[in-house]
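So the structure is just underneath, and the comments pick up after that.
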Amino acid sequence: MTTDRRVLIVYGSRNGSTAEIGRWVGQALRERGLVVEVRDVADAPADLSAYEAVVLGAGVYMGGWHRDARRFARRHRRELGSMPVWLFSSGPLDTSCDEREVPAVPGVARLAHRLGVRGHATFGGRLAQGAQGYVARQILRDGKGGDFRNQDAVRNWARRVAAELTWELTWEPLTL
């Protein structure tokens with residue numbers, strides 16, 4: 001089923017890992033017939049009225065979300081509060097996300113509550129050689145980097161988002 005329902009996926013990513021997760025989410029939504037635009041929050045549209053839903057994701061750094069993603073959410077809080085929104089975070093540099101559901105960091109949990117989002121997921125992160133930032137370089141020097149993202153988990157979550165959106169489009173009340 002193809003729909004005209006437009007979904008904006010925006011992400012805040014310092015080293016590209018979250019950007020790639022955003023693209024995976026976008027591809028899974030497209031496979032379900034949704035019209036999807038995937039953008040870095042720095043290049044996000046100023047007006048969200050062309051979209052029926054938004055997926056906002058960000059990398060977690062030092063216990064907080066990427067600054068640009070937080071700014072996007074603040075700037076668009078009224079619009080986001082009136083449409084279906086899902087959030088995702090990336091960051092744990094271990095397999096914890098494959099072992100259990102990892103809750104949102106406190107600031108993201110507050111944001112989710114304020115916006116009335118439909119859902120949030122935390123996915124493992126990636127820290128590869130060449131990453132920006134002093135802390136990132138320290139982590140890599142200590143041998144604790146790597147790629148802990150699970151593309152199947154991301155795609156499964158995105159399919160649930162798509163199912164919710166497409167179900168809303170096809171649902172008709174039963175008439176007796």
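Letters for chains follow the order of the structure tokens (A, B, ...), residue numbers begin at 1 for each chain, and ligand numbers begin at 1 in the order shown.
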- Message: For stretch 133-144 of chain A, find every residue with an atom within 9 Å (counting only C-alpha atoms), except residues of its own chain fewer than 6 positions away, and show them as a ChimeraX atom specification.
- Response: /A:62,93-94,127
Deliver the residues from the most recent selection as a file, using all heavy atoms, as a PDB file, in the first residue's frame.
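File result-v2.pdb, as written:
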```pdb
ATOM      1  N   MET A  62      27.504  11.984  26.861  1.00  0.00           N
ATOM      2  CA  MET A  62      27.676  12.363  28.269  1.00  0.00           C
ATOM      3  C   MET A  62      26.318  12.475  28.973  1.00  0.00           C
ATOM      4  O   MET A  62      26.071  13.399  29.737  1.00  0.00           O
ATOM      5  CB  MET A  62      28.455  13.672  28.389  1.00  0.00           C
ATOM      6  CG  MET A  62      29.811  13.669  27.706  1.00  0.00           C
ATOM      7  SD  MET A  62      30.967  12.498  28.429  1.00  0.00           S
ATOM      8  CE  MET A  62      31.247  13.263  30.000  1.00  0.00           C
ATOM      9  N   LEU A  93      27.617   2.136  24.159  1.00  0.00           N
ATOM     10  CA  LEU A  93      28.721   1.455  23.473  1.00  0.00           C
ATOM     11  C   LEU A  93      28.926   0.090  24.104  1.00  0.00           C
ATOM     12  O   LEU A  93      30.002  -0.240  24.598  1.00  0.00           O
ATOM     13  CB  LEU A  93      29.988   2.310  23.535  1.00  0.00           C
ATOM     14  CG  LEU A  93      29.890   3.633  22.793  1.00  0.00           C
ATOM     15  CD1 LEU A  93      31.142   4.472  23.011  1.00  0.00           C
ATOM     16  CD2 LEU A  93      29.620   3.417  21.309  1.00  0.00           C
ATOM     17  N   ASP A  94      27.836  -0.677  24.088  1.00  0.00           N
ATOM     18  CA  ASP A  94      27.853  -2.048  24.591  1.00  0.00           C
ATOM     19  C   ASP A  94      26.635  -2.756  24.011  1.00  0.00           C
ATOM     20  O   ASP A  94      25.897  -2.183  23.215  1.00  0.00           O
ATOM     21  CB  ASP A  94      27.840  -2.079  26.132  1.00  0.00           C
ATOM     22  CG  ASP A  94      26.653  -1.355  26.738  1.00  0.00           C
ATOM     23  OD1 ASP A  94      25.560  -1.313  26.124  1.00  0.00           O
ATOM     24  OD2 ASP A  94      26.799  -0.822  27.852  1.00  0.00           O
ATOM     25  N   LEU A 127      31.246   3.972  17.781  1.00  0.00           N
ATOM     26  CA  LEU A 127      32.346   4.907  17.955  1.00  0.00           C
ATOM     27  C   LEU A 127      33.539   4.308  17.228  1.00  0.00           C
ATOM     28  O   LEU A 127      34.091   3.286  17.649  1.00  0.00           O
ATOM     29  CB  LEU A 127      32.657   5.131  19.438  1.00  0.00           C
ATOM     30  CG  LEU A 127      33.661   6.239  19.742  1.00  0.00           C
ATOM     31  CD1 LEU A 127      33.140   7.590  19.234  1.00  0.00           C
ATOM     32  CD2 LEU A 127      33.925   6.318  21.228  1.00  0.00           C
TER      33      LEU A 127
END
```
- Please identify all polymer residues within 12 Å of stretch 156-166 of chain A, counting only C-alpha atoms, omitting same-chain residues fewer than 5 positions from it, and present them as a PyMOL selection string. chain A and resi 1-7+9+21-36+52-55+83-88+101+117-123+150-151+171
- Message: as JSON, numbers by chain, please: every residue in chain A that a backbone DSSP assignment puts in helix (DSSP H, G or I).
- Response: {"A": [17, 18, 19, 20, 21, 22, 23, 24, 25, 26, 27, 28, 29, 30, 31, 41, 42, 43, 67, 68, 69, 70, 71, 72, 73, 74, 75, 77, 78, 79, 80, 96, 97, 98, 99, 106, 107, 108, 109, 110, 111, 112, 113, 114, 115, 134, 135, 136, 137, 138, 139, 140, 141, 151, 152, 153, 154, 155, 156, 157, 158, 159, 160, 161, 162, 163, 164, 165, 166, 167, 168, 169, 170]}
Identify, on the basis of only C-alpha atoms, every residue whose closest approach to stretch 103-106 of chain A does not exceed 10 Å; exclude the query and any residue fewer than 3 positions from it along the same chain; express the result as a PDB file with N, CA, C and O atoms, in the first residue's frame.
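Once everything was written out, this is out15.pdb:
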```
ATOM      1  N   VAL A  60      23.375  10.180  22.052  1.00  0.00           N
ATOM      2  CA  VAL A  60      23.490  10.557  23.464  1.00  0.00           C
ATOM      3  C   VAL A  60      24.974  10.712  23.763  1.00  0.00           C
ATOM      4  O   VAL A  60      25.765   9.797  23.524  1.00  0.00           O
ATOM      5  N   GLY A  63      25.403  11.567  28.669  1.00  0.00           N
ATOM      6  CA  GLY A  63      24.114  11.513  29.337  1.00  0.00           C
ATOM      7  C   GLY A  63      23.070  12.465  28.807  1.00  0.00           C
ATOM      8  O   GLY A  63      21.979  12.568  29.368  1.00  0.00           O
ATOM      9  N   GLY A  64      23.347  13.174  27.716  1.00  0.00           N
ATOM     10  CA  GLY A  64      22.376  14.102  27.146  1.00  0.00           C
ATOM     11  C   GLY A  64      22.302  13.961  25.643  1.00  0.00           C
ATOM     12  O   GLY A  64      23.226  13.463  25.002  1.00  0.00           O
ATOM     13  N   TRP A  65      21.204  14.414  25.090  1.00  0.00           N
ATOM     14  CA  TRP A  65      20.979  14.341  23.650  1.00  0.00           C
ATOM     15  C   TRP A  65      21.823  15.364  22.910  1.00  0.00           C
ATOM     16  O   TRP A  65      22.191  16.405  23.468  1.00  0.00           O
ATOM     17  N   LEU A  87      10.579   9.175  19.024  1.00  0.00           N
ATOM     18  CA  LEU A  87      11.957   9.553  19.301  1.00  0.00           C
ATOM     19  C   LEU A  87      12.831   8.311  19.315  1.00  0.00           C
ATOM     20  O   LEU A  87      12.384   7.237  19.713  1.00  0.00           O
ATOM     21  N   PHE A  88      14.086   8.483  18.924  1.00  0.00           N
ATOM     22  CA  PHE A  88      15.062   7.419  19.142  1.00  0.00           C
ATOM     23  C   PHE A  88      16.378   8.039  19.577  1.00  0.00           C
ATOM     24  O   PHE A  88      16.698   9.168  19.251  1.00  0.00           O
ATOM     25  N   SER A  89      17.090   7.271  20.367  1.00  0.00           N
ATOM     26  CA  SER A  89      18.403   7.665  20.860  1.00  0.00           C
ATOM     27  C   SER A  89      19.404   6.605  20.452  1.00  0.00           C
ATOM     28  O   SER A  89      19.067   5.419  20.363  1.00  0.00           O
ATOM     29  N   SER A  90      20.632   7.018  20.235  1.00  0.00           N
ATOM     30  CA  SER A  90      21.694   6.044  20.002  1.00  0.00           C
ATOM     31  C   SER A  90      22.866   6.408  20.898  1.00  0.00           C
ATOM     32  O   SER A  90      23.081   7.574  21.195  1.00  0.00           O
ATOM     33  N   CYS A  97      21.464  -2.792  24.635  1.00  0.00           N
ATOM     34  CA  CYS A  97      20.219  -2.605  23.879  1.00  0.00           C
ATOM     35  C   CYS A  97      19.722  -3.912  23.257  1.00  0.00           C
ATOM     36  O   CYS A  97      18.537  -4.049  22.976  1.00  0.00           O
ATOM     37  N   ARG A 100      18.118  -5.874  26.616  1.00  0.00           N
ATOM     38  CA  ARG A 100      16.928  -5.353  27.297  1.00  0.00           C
ATOM     39  C   ARG A 100      16.566  -4.001  26.702  1.00  0.00           C
ATOM     40  O   ARG A 100      17.344  -3.413  25.963  1.00  0.00           O
ATOM     41  N   ALA A 109      13.428  11.701  28.322  1.00  0.00           N
ATOM     42  CA  ALA A 109      12.163  11.256  28.928  1.00  0.00           C
ATOM     43  C   ALA A 109      11.258  12.454  29.212  1.00  0.00           C
ATOM     44  O   ALA A 109      10.048  12.406  28.961  1.00  0.00           O
ATOM     45  N   ARG A 110      11.832  13.550  29.710  1.00  0.00           N
ATOM     46  CA  ARG A 110      11.039  14.762  29.951  1.00  0.00           C
ATOM     47  C   ARG A 110      10.498  15.325  28.641  1.00  0.00           C
ATOM     48  O   ARG A 110       9.336  15.728  28.547  1.00  0.00           O
ATOM     49  N   LEU A 111      11.341  15.360  27.619  1.00  0.00           N
ATOM     50  CA  LEU A 111      10.922  15.839  26.309  1.00  0.00           C
ATOM     51  C   LEU A 111       9.781  14.975  25.768  1.00  0.00           C
ATOM     52  O   LEU A 111       8.777  15.498  25.264  1.00  0.00           O
ATOM     53  N   ALA A 112       9.927  13.674  25.860  1.00  0.00           N
ATOM     54  CA  ALA A 112       8.890  12.755  25.383  1.00  0.00           C
ATOM     55  C   ALA A 112       7.568  13.029  26.086  1.00  0.00           C
ATOM     56  O   ALA A 112       6.505  13.045  25.453  1.00  0.00           O
ATOM     57  N   HIS A 120       9.514   5.786  22.155  1.00  0.00           N
ATOM     58  CA  HIS A 120      10.948   6.067  22.162  1.00  0.00           C
ATOM     59  C   HIS A 120      11.683   4.738  22.166  1.00  0.00           C
ATOM     60  O   HIS A 120      11.247   3.776  22.802  1.00  0.00           O
ATOM     61  N   ALA A 121      12.799   4.684  21.461  1.00  0.00           N
ATOM     62  CA  ALA A 121      13.671   3.511  21.479  1.00  0.00           C
ATOM     63  C   ALA A 121      15.104   3.974  21.607  1.00  0.00           C
ATOM     64  O   ALA A 121      15.490   5.017  21.074  1.00  0.00           O
ATOM     65  N   THR A 122      15.894   3.190  22.333  1.00  0.00           N
ATOM     66  CA  THR A 122      17.328   3.438  22.425  1.00  0.00           C
ATOM     67  C   THR A 122      18.040   2.317  21.683  1.00  0.00           C
ATOM     68  O   THR A 122      17.752   1.132  21.912  1.00  0.00           O
TER      69      THR A 122
END
```
- Could you pull out all residues of stretch 39-159 of chain A with a DSSP call of strand (DSSP E or B) and give them as JSON, numbers by chain? {"A": [39, 40, 53, 54, 55, 56, 57, 58, 59, 60, 61, 64, 65, 85, 86, 87, 88, 89, 90, 119, 120, 121, 122, 123, 126, 127, 146, 147]}
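Atom CA of A:Tyr11 is found 18.2 Å from atom CA of A:Phe148.
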- Task: Name the closest residue to A:Arg71 among the candidates A:Gly59, A:Pro45, A:Gly12, A:Gly124; distances are taken between atoms, counting only C-alpha atoms.
- Result: A:Gly12
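The space separating atom CA of A:Gly116 from atom CA of A:Arg77 comes to 10.4 Å.
In this model, the gap between atom CA of A:Glu20 and atom CA of A:Thr95 comes to 18.2 Å.
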- Nearest to A:Gly91: which of A:Ala19, A:Ala58, A:Leu48, A:Ala128 is it, counting only C-alpha atoms?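 Ranking A:Ala19, A:Ala58, A:Leu48, A:Ala128 by distance to A:Gly91, first place goes to A:Ala58.
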